[in-house]
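A.B. asks: Next up, upload23.txt (compact mmCIF, C-alpha atoms).
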# COMPACT_ATOMS: atom_id res chain seq x y z
CA MET A 1 85.10 115.05 109.66
CA GLU A 2 84.25 116.43 113.11
CA ASP A 3 87.89 115.98 114.22
CA ILE A 4 88.99 118.07 111.25
CA THR A 5 86.50 120.89 111.72
CA ASN A 6 87.28 120.91 115.48
CA VAL A 7 91.02 121.28 114.85
CA ALA A 8 90.33 123.96 112.22
CA LYS A 9 87.99 125.69 114.72
CA VAL A 10 85.25 126.09 112.14
CA PRO A 11 81.63 124.99 112.46
CA LYS A 12 81.04 121.36 111.61
CA GLY A 13 78.75 122.27 108.72
CA SER A 14 81.29 124.55 107.03
CA PHE A 15 83.51 121.73 105.69
CA TYR A 16 81.77 121.82 102.32
CA ASN A 17 82.37 125.57 102.00
CA HIS A 18 86.05 124.64 101.62
CA PHE A 19 86.01 121.26 99.89
CA GLY A 20 83.62 119.89 97.29
CA SER A 21 83.86 116.42 98.80
CA LYS A 22 85.92 114.27 101.16
CA GLU A 23 87.83 113.09 98.06
CA ASP A 24 88.78 116.69 97.32
CA LEU A 25 90.24 117.01 100.81
CA LEU A 26 92.23 113.79 100.31
CA LEU A 27 93.58 115.05 96.96
CA GLU A 28 94.65 118.30 98.66
CA VAL A 29 96.41 116.30 101.42
CA LEU A 30 98.16 114.10 98.84
CA GLY A 31 99.34 117.18 96.94
CA ARG A 32 100.85 118.64 100.11
CA TYR A 33 102.50 115.32 100.96
CA LYS A 34 104.05 115.23 97.48
CA ALA A 35 105.37 118.79 97.91
CA GLU A 36 107.17 117.69 101.12
CA SER A 37 108.77 114.58 99.60
CA PRO A 38 112.58 114.31 99.48
CA ARG A 39 112.50 113.86 95.69
CA ALA A 40 114.43 117.11 95.08
CA VAL A 41 117.60 115.16 95.89
CA LEU A 42 117.04 113.08 92.74
CA SER A 43 117.89 116.11 90.62
CA ASP A 44 120.72 117.44 92.80
CA GLN A 45 123.42 117.97 90.18
CA SER A 46 126.15 118.26 92.83
CA LEU A 47 125.89 114.48 93.33
CA SER A 48 126.47 111.63 90.88
CA PRO A 49 123.25 109.87 89.74
CA LEU A 50 123.89 106.76 91.85
CA LYS A 51 124.69 108.84 94.94
CA ARG A 52 121.45 110.79 94.44
CA LEU A 53 119.47 107.58 94.32
CA LYS A 54 121.13 106.19 97.45
CA LYS A 55 120.64 109.44 99.34
CA TYR A 56 116.99 109.59 98.29
CA PHE A 57 116.18 106.21 99.83
CA GLU A 58 118.35 106.95 102.88
CA GLN A 59 116.37 110.11 103.58
CA PHE A 60 113.05 108.37 103.05
CA ALA A 61 114.16 105.51 105.33
CA GLN A 62 115.38 107.84 108.04
CA THR A 63 112.04 109.65 108.27
CA PHE A 64 110.22 106.31 108.37
CA VAL A 65 112.39 104.80 111.14
CA GLU A 66 112.20 108.04 113.16
CA ARG A 67 108.44 107.59 113.12
CA LYS A 68 108.87 104.21 114.84
CA CYS A 69 108.35 102.31 111.56
CA GLN A 70 104.75 103.44 111.52
CA ARG A 71 102.75 105.54 109.04
CA GLY A 72 104.79 104.41 106.00
CA CYS A 73 104.26 106.24 102.70
CA MET A 74 100.99 108.09 102.21
CA PHE A 75 100.84 107.18 98.50
CA GLY A 76 101.23 103.47 99.29
CA ASN A 77 98.70 103.67 102.10
CA VAL A 78 96.11 105.43 99.97
CA ALA A 79 96.74 103.06 97.04
CA ILE A 80 95.75 100.16 99.28
CA GLU A 81 92.96 101.87 101.18
CA MET A 82 91.28 103.96 98.49
CA ALA A 83 92.28 103.05 94.90
CA ASP A 84 89.56 100.38 94.64
CA HIS A 85 86.92 102.77 95.99
CA SER A 86 87.45 106.14 94.30
CA ALA A 87 88.10 106.73 90.60
CA ALA A 88 89.39 110.27 91.27
CA VAL A 89 91.89 109.09 93.89
CA GLN A 90 92.94 106.13 91.73
CA ALA A 91 93.58 108.48 88.77
CA TYR A 92 95.66 110.79 90.97
CA LEU A 93 97.70 107.85 92.30
CA ALA A 94 98.19 106.39 88.81
CA ASN A 95 99.69 109.68 87.69
CA THR A 96 101.83 109.90 90.84
CA PHE A 97 103.23 106.37 90.64
CA VAL A 98 103.90 106.60 86.89
CA GLY A 99 105.72 109.93 87.34
CA TRP A 100 107.65 108.62 90.34
CA ALA A 101 108.94 105.57 88.44
CA GLU A 102 109.86 107.80 85.47
CA LEU A 103 111.82 110.12 87.75
CA ILE A 104 113.82 107.21 89.17
CA ALA A 105 114.25 105.68 85.69
CA GLY A 106 115.80 108.95 84.51
CA VAL A 107 118.41 108.83 87.27
CA ILE A 108 119.18 105.16 86.53
CA ALA A 109 119.59 105.98 82.84
CA GLU A 110 122.03 108.78 83.76
CA ALA A 111 123.99 106.40 85.99
CA GLN A 112 124.20 103.94 83.09
CA ASP A 113 125.32 106.68 80.67
CA GLN A 114 128.02 107.85 83.07
CA GLY A 115 129.29 104.29 83.64
CA GLU A 116 128.28 104.16 87.32
CA LEU A 117 126.11 101.12 86.54
CA LYS A 118 127.19 98.21 84.38
CA THR A 119 123.70 96.74 83.90
CA ASP A 120 122.18 97.46 80.49
CA GLU A 121 118.71 96.42 81.70
CA ASP A 122 115.86 98.77 80.75
CA PRO A 123 115.92 101.69 83.26
CA ALA A 124 112.11 101.85 83.41
CA SER A 125 111.86 98.22 84.52
CA LEU A 126 114.66 98.57 87.07
CA ALA A 127 113.05 101.73 88.44
CA GLY A 128 109.64 100.09 88.67
CA PHE A 129 111.03 97.05 90.47
CA LEU A 130 113.03 99.28 92.83
CA LEU A 131 109.98 101.37 93.68
CA SER A 132 107.92 98.23 94.25
CA ALA A 133 110.61 96.80 96.52
CA TRP A 134 110.68 100.03 98.50
CA GLN A 135 106.90 100.18 98.95
CA GLY A 136 106.88 96.50 99.91
CA THR A 137 109.71 97.05 102.38
CA LEU A 138 107.74 99.79 104.14
CA LEU A 139 104.74 97.45 104.26
CA ARG A 140 106.77 94.51 105.66
CA VAL A 141 108.50 96.70 108.25
CA ARG A 142 105.12 97.93 109.46
CA ALA A 143 104.00 94.30 109.81
CA THR A 144 107.18 93.07 111.50
CA ARG A 145 108.43 96.26 113.23
CA ASP A 146 111.87 95.13 112.12
CA PRO A 147 113.86 98.12 110.79
CA LYS A 148 116.66 95.75 109.67
CA LEU A 149 114.53 95.14 106.58
CA VAL A 150 115.35 98.69 105.49
CA LYS A 151 119.06 97.81 105.51
CA GLU A 152 118.27 94.62 103.60
CA PHE A 153 116.46 96.72 100.97
CA GLN A 154 119.42 99.06 100.60
CA ARG A 155 121.94 96.22 100.41
CA ILE A 156 120.08 94.22 97.74
CA ALA A 157 118.93 97.29 95.79
CA PHE A 158 122.47 98.66 95.44
CA GLY A 159 124.41 95.40 95.63
CA VAL A 160 122.37 93.09 93.39
CA LEU A 161 119.66 94.94 91.44
CA LEU A 162 121.61 98.05 90.48
CA ILE A 163 125.19 97.09 89.73
CA MET B 1 79.22 94.51 111.88
CA GLU B 2 75.56 94.69 110.88
CA ASP B 3 76.45 93.59 107.31
CA ILE B 4 78.16 90.53 108.75
CA THR B 5 75.37 89.52 111.13
CA ASN B 6 72.82 90.11 108.32
CA VAL B 7 74.69 87.80 105.93
CA ALA B 8 75.10 85.21 108.71
CA LYS B 9 71.36 85.58 109.47
CA VAL B 10 71.98 85.90 113.19
CA PRO B 11 70.73 88.67 115.49
CA LYS B 12 72.92 91.77 115.51
CA GLY B 13 73.71 91.34 119.19
CA SER B 14 74.97 87.78 118.83
CA PHE B 15 78.28 88.68 117.20
CA TYR B 16 80.09 88.57 120.52
CA ASN B 17 78.76 85.09 121.23
CA HIS B 18 81.04 83.96 118.40
CA PHE B 19 84.00 86.32 118.58
CA GLY B 20 85.64 87.94 121.58
CA SER B 21 86.29 91.12 119.58
CA LYS B 22 86.43 92.52 116.07
CA GLU B 23 90.15 91.75 116.13
CA ASP B 24 89.35 88.08 116.79
CA LEU B 25 87.17 88.05 113.68
CA LEU B 26 89.96 89.60 111.62
CA LEU B 27 92.46 87.03 112.89
CA GLU B 28 90.03 84.24 111.92
CA VAL B 29 89.65 85.76 108.44
CA LEU B 30 93.44 86.05 108.06
CA GLY B 31 93.85 82.41 109.08
CA ARG B 32 91.37 81.28 106.44
CA TYR B 33 93.05 83.47 103.81
CA LYS B 34 96.41 81.88 104.66
CA ALA B 35 94.90 78.39 104.33
CA GLU B 36 93.74 79.25 100.78
CA SER B 37 97.10 80.66 99.65
CA PRO B 38 98.93 78.99 96.75
CA ARG B 39 102.01 78.40 98.93
CA ALA B 40 101.71 74.60 98.67
CA VAL B 41 103.37 74.88 95.26
CA LEU B 42 106.55 76.06 97.01
CA SER B 43 107.05 72.56 98.42
CA ASP B 44 105.93 70.64 95.30
CA GLN B 45 108.81 68.22 94.94
CA SER B 46 107.81 67.31 91.37
CA LEU B 47 109.16 70.72 90.28
CA SER B 48 112.67 72.15 90.55
CA PRO B 49 113.05 74.89 93.21
CA LEU B 50 113.24 77.71 90.65
CA LYS B 51 110.18 76.40 88.76
CA ARG B 52 108.25 76.25 92.04
CA LEU B 53 109.09 79.85 92.78
CA LYS B 54 108.08 81.02 89.30
CA LYS B 55 104.83 79.05 89.41
CA TYR B 56 104.02 80.43 92.85
CA PHE B 57 104.17 84.04 91.68
CA GLU B 58 102.40 83.17 88.40
CA GLN B 59 99.46 81.69 90.33
CA PHE B 60 99.32 84.61 92.73
CA ALA B 61 99.47 87.05 89.78
CA GLN B 62 96.75 85.23 87.85
CA THR B 63 94.29 85.42 90.74
CA PHE B 64 95.08 89.11 91.18
CA VAL B 65 94.63 90.03 87.51
CA GLU B 66 91.42 87.96 87.30
CA ARG B 67 90.06 90.17 90.08
CA LYS B 68 90.60 93.20 87.84
CA CYS B 69 93.80 94.19 89.67
CA GLN B 70 91.77 95.01 92.73
CA ARG B 71 91.79 93.60 96.28
CA GLY B 72 95.50 92.73 96.21
CA CYS B 73 96.92 90.61 99.05
CA MET B 74 95.01 90.54 102.33
CA PHE B 75 98.21 90.40 104.38
CA GLY B 76 99.58 93.49 102.65
CA ASN B 77 96.29 95.31 102.99
CA VAL B 78 95.95 94.56 106.69
CA ALA B 79 99.62 95.44 107.31
CA ILE B 80 98.91 98.92 105.98
CA GLU B 81 95.45 99.38 107.42
CA MET B 82 95.76 97.76 110.85
CA ALA B 83 99.36 97.09 111.97
CA ASP B 84 99.72 100.56 113.50
CA HIS B 85 96.40 100.22 115.34
CA SER B 86 96.27 96.72 116.83
CA ALA B 87 99.08 94.93 118.66
CA ALA B 88 97.38 91.53 118.20
CA VAL B 89 97.02 92.00 114.45
CA GLN B 90 100.56 93.36 114.14
CA ALA B 91 101.94 90.31 116.02
CA TYR B 92 100.00 87.95 113.75
CA LEU B 93 101.29 89.75 110.64
CA ALA B 94 104.87 89.79 111.94
CA ASN B 95 104.74 86.03 112.32
CA THR B 96 103.13 85.63 108.89
CA PHE B 97 105.61 87.83 107.02
CA VAL B 98 108.65 86.32 108.77
CA GLY B 99 107.44 82.78 108.00
CA TRP B 100 106.61 83.73 104.41
CA ALA B 101 110.10 85.12 103.75
CA GLU B 102 111.66 82.03 105.39
CA LEU B 103 109.61 79.74 103.16
CA ILE B 104 110.80 81.57 100.03
CA ALA B 105 114.38 81.72 101.35
CA GLY B 106 114.34 77.92 101.72
CA VAL B 107 113.39 77.48 98.08
CA ILE B 108 116.08 79.96 96.96
CA ALA B 109 118.68 78.09 99.05
CA GLU B 110 117.61 74.81 97.38
CA ALA B 111 117.91 76.42 93.94
CA GLN B 112 121.42 77.61 94.86
CA ASP B 113 122.40 74.15 96.14
CA GLN B 114 121.15 72.49 92.98
CA GLY B 115 122.98 74.96 90.74
CA GLU B 116 119.81 76.54 89.31
CA LEU B 117 120.96 79.92 90.62
CA LYS B 118 124.51 81.24 90.31
CA THR B 119 124.12 84.04 92.87
CA ASP B 120 125.73 83.29 96.23
CA GLU B 121 123.86 86.17 97.89
CA ASP B 122 122.23 85.36 101.24
CA PRO B 123 118.90 83.56 100.47
CA ALA B 124 117.08 85.33 103.33
CA SER B 125 117.92 88.78 101.91
CA LEU B 126 116.99 87.78 98.35
CA ALA B 127 113.71 86.30 99.60
CA GLY B 128 112.91 89.40 101.64
CA PHE B 129 113.61 91.70 98.72
CA LEU B 130 111.57 89.50 96.38
CA LEU B 131 108.60 89.47 98.76
CA SER B 132 108.84 93.25 99.16
CA ALA B 133 108.94 93.71 95.39
CA TRP B 134 105.87 91.51 95.01
CA GLN B 135 103.87 93.36 97.67
CA GLY B 136 104.94 96.68 96.15
CA THR B 137 103.96 95.48 92.69
CA LEU B 138 100.45 94.65 93.86
CA LEU B 139 100.24 98.09 95.45
CA ARG B 140 101.48 99.89 92.31
CA VAL B 141 99.14 97.92 90.04
CA ARG B 142 96.20 98.86 92.23
CA ALA B 143 97.25 102.51 91.91
CA THR B 144 97.90 102.44 88.18
CA ARG B 145 95.54 99.63 87.04
CA ASP B 146 98.40 98.58 84.77
CA PRO B 147 98.79 94.77 84.82
CA LYS B 148 101.99 95.09 82.73
CA LEU B 149 103.75 95.83 86.02
CA VAL B 150 103.18 92.18 86.98
CA LYS B 151 105.17 91.09 83.91
CA GLU B 152 107.84 93.63 84.81
CA PHE B 153 108.06 92.09 88.29
CA GLN B 154 108.47 88.59 86.87
CA ARG B 155 111.05 89.66 84.31
CA ILE B 156 113.29 91.53 86.77
CA ALA B 157 112.78 89.03 89.61
CA PHE B 158 113.88 86.07 87.50
CA GLY B 159 116.14 87.88 85.03
CA VAL B 160 118.11 90.23 87.29
CA LEU B 161 117.56 89.51 91.01
CA LEU B 162 117.57 85.70 90.92
CA ILE B 163 120.16 84.53 88.37
Could you take the file, read its structure, and then write that structure out as structure tokens?

C.D. replies:
Amino acid sequence: MEDITNVAKVPKGSFYNHFGSKEDLLLEVLGRYKAESPRAVLSDQSLSPLKRLKKYFEQFAQTFVERKCQRGCMFGNVAIEMADHSAAVQAYLANTFVGWAELIAGVIAEAQDQGELKTDEDPASLAGFLLSAWQGTLLRVRATRDPKLVKEFQRIAFGVLLI
Amino acid sequence: MEDITNVAKVPKGSFYNHFGSKEDLLLEVLGRYKAESPRAVLSDQSLSPLKRLKKYFEQFAQTFVERKCQRGCMFGNVAIEMADHSAAVQAYLANTFVGWAELIAGVIAEAQDQGELKTDEDPASLAGFLLSAWQGTLLRVRATRDPKLVKEFQRIAFGVLLI
């Protein structure tokens, strides 16, 4: 808290003039993180659905590797660190992860409709599994510091799961 | 620290008689967690390789859901919470996650050899992706509190990824 008020150059006691609680600050931070996400590419109509999906994970991966395979994804981090401890944060994350999987499922469904994917598996399940695999890849790369796992994710995601 | 010494009924100052550092305590806890893992089933020769793999994730999932979809996997949690902040913990986790993926890859290779799986995809990559998807599933279930995602994991893992 003191670090934050120091950086903001406001008196230590004034934090609660701006935020109702520490949770409120976290929800504000999560909202800003979401606004900066590369998800706009998922609705870029100049690209085919499958190309959008590939580009989305490439962009995400590039940012991650540039940060020395540290930090990961704020939503994943907060899910693990806070979901068990704050109902408000858990509710926010539930909404975020459900919406995220739906967004990806929509692109997969488009790719199926346009014949880019042969699989007739339920798009929602494929999207959920893909999102899980991505979050787990970030987690494993942070543990191992091995960025090759990002390539492994991309190869299996687009060579085995989504074909 | 005080919580721990209170539960252990030892004087607060005696912690460092037992552990060189807080990291040493964490490494001890991780070692005990590993010893309690259901991974023995992966080498149960009374089951076929594919059945071992399914049973392994079923057991893991059951424990998780019984704990109200909270707590997750200690290795995943510590990877996210500590890997960026402690070289000793990161090294321990690197070793753990590499060995874990190798163990699963061995079972997948056996299943391929015995004709239980048709895919000729590299077992190490399939194992890595599977482990990522599992860690990500735990993370997403903690965010959403939706245990159906565990069923989704099992269905796609053994109906699309490993066939």

A.B. asks: Select residues of chain B: the criterion is any atom within 8 Å of an atom of chain A, counting all atoms listed in the file; output as an NGL selection string.

C.D. replies: :B and (70-71 or 76-77 or 79-81 or 83-84 or 90-91 or 93-95 or 97-98 or 125-126 or 128-137 or 139-140 or 142-145 or 149 or 152-153 or 156 or 160-161)

A.B. asks: Would you mind reading off the distance between atom CA of A:Lys12 and atom CA of A:Arg32, one decimal, in Å?

C.D. replies: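 Straight-line distance from atom CA of A:Lys12 to atom CA of A:Arg32 works out to 23.1 Å.
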
A.B. asks: Between atom CA of B:Arg39 and atom CA of B:Ile108, what is the distance, to one decimal in Å?

C.D. replies: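 Going from atom CA of B:Arg39 over to atom CA of B:Ile108, I get 14.3 Å.
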
A.B. asks: With distances taken over only C-alpha atoms, which of B:Val7, B:Ala111, B:Ala101, B:Met74 is nearest to B:Ser37?

C.D. replies: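 With only C-alpha atoms as the atom set, the closest residue is B:Met74.
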
A.B. asks: May I ask for the distance between atom CA of B:Ala35 and atom CA of B:Lys22, given in Å to one decimal place?

C.D. replies: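 Interatomic distance, atom CA of B:Ala35 to atom CA of B:Lys22: 20.2 Å.
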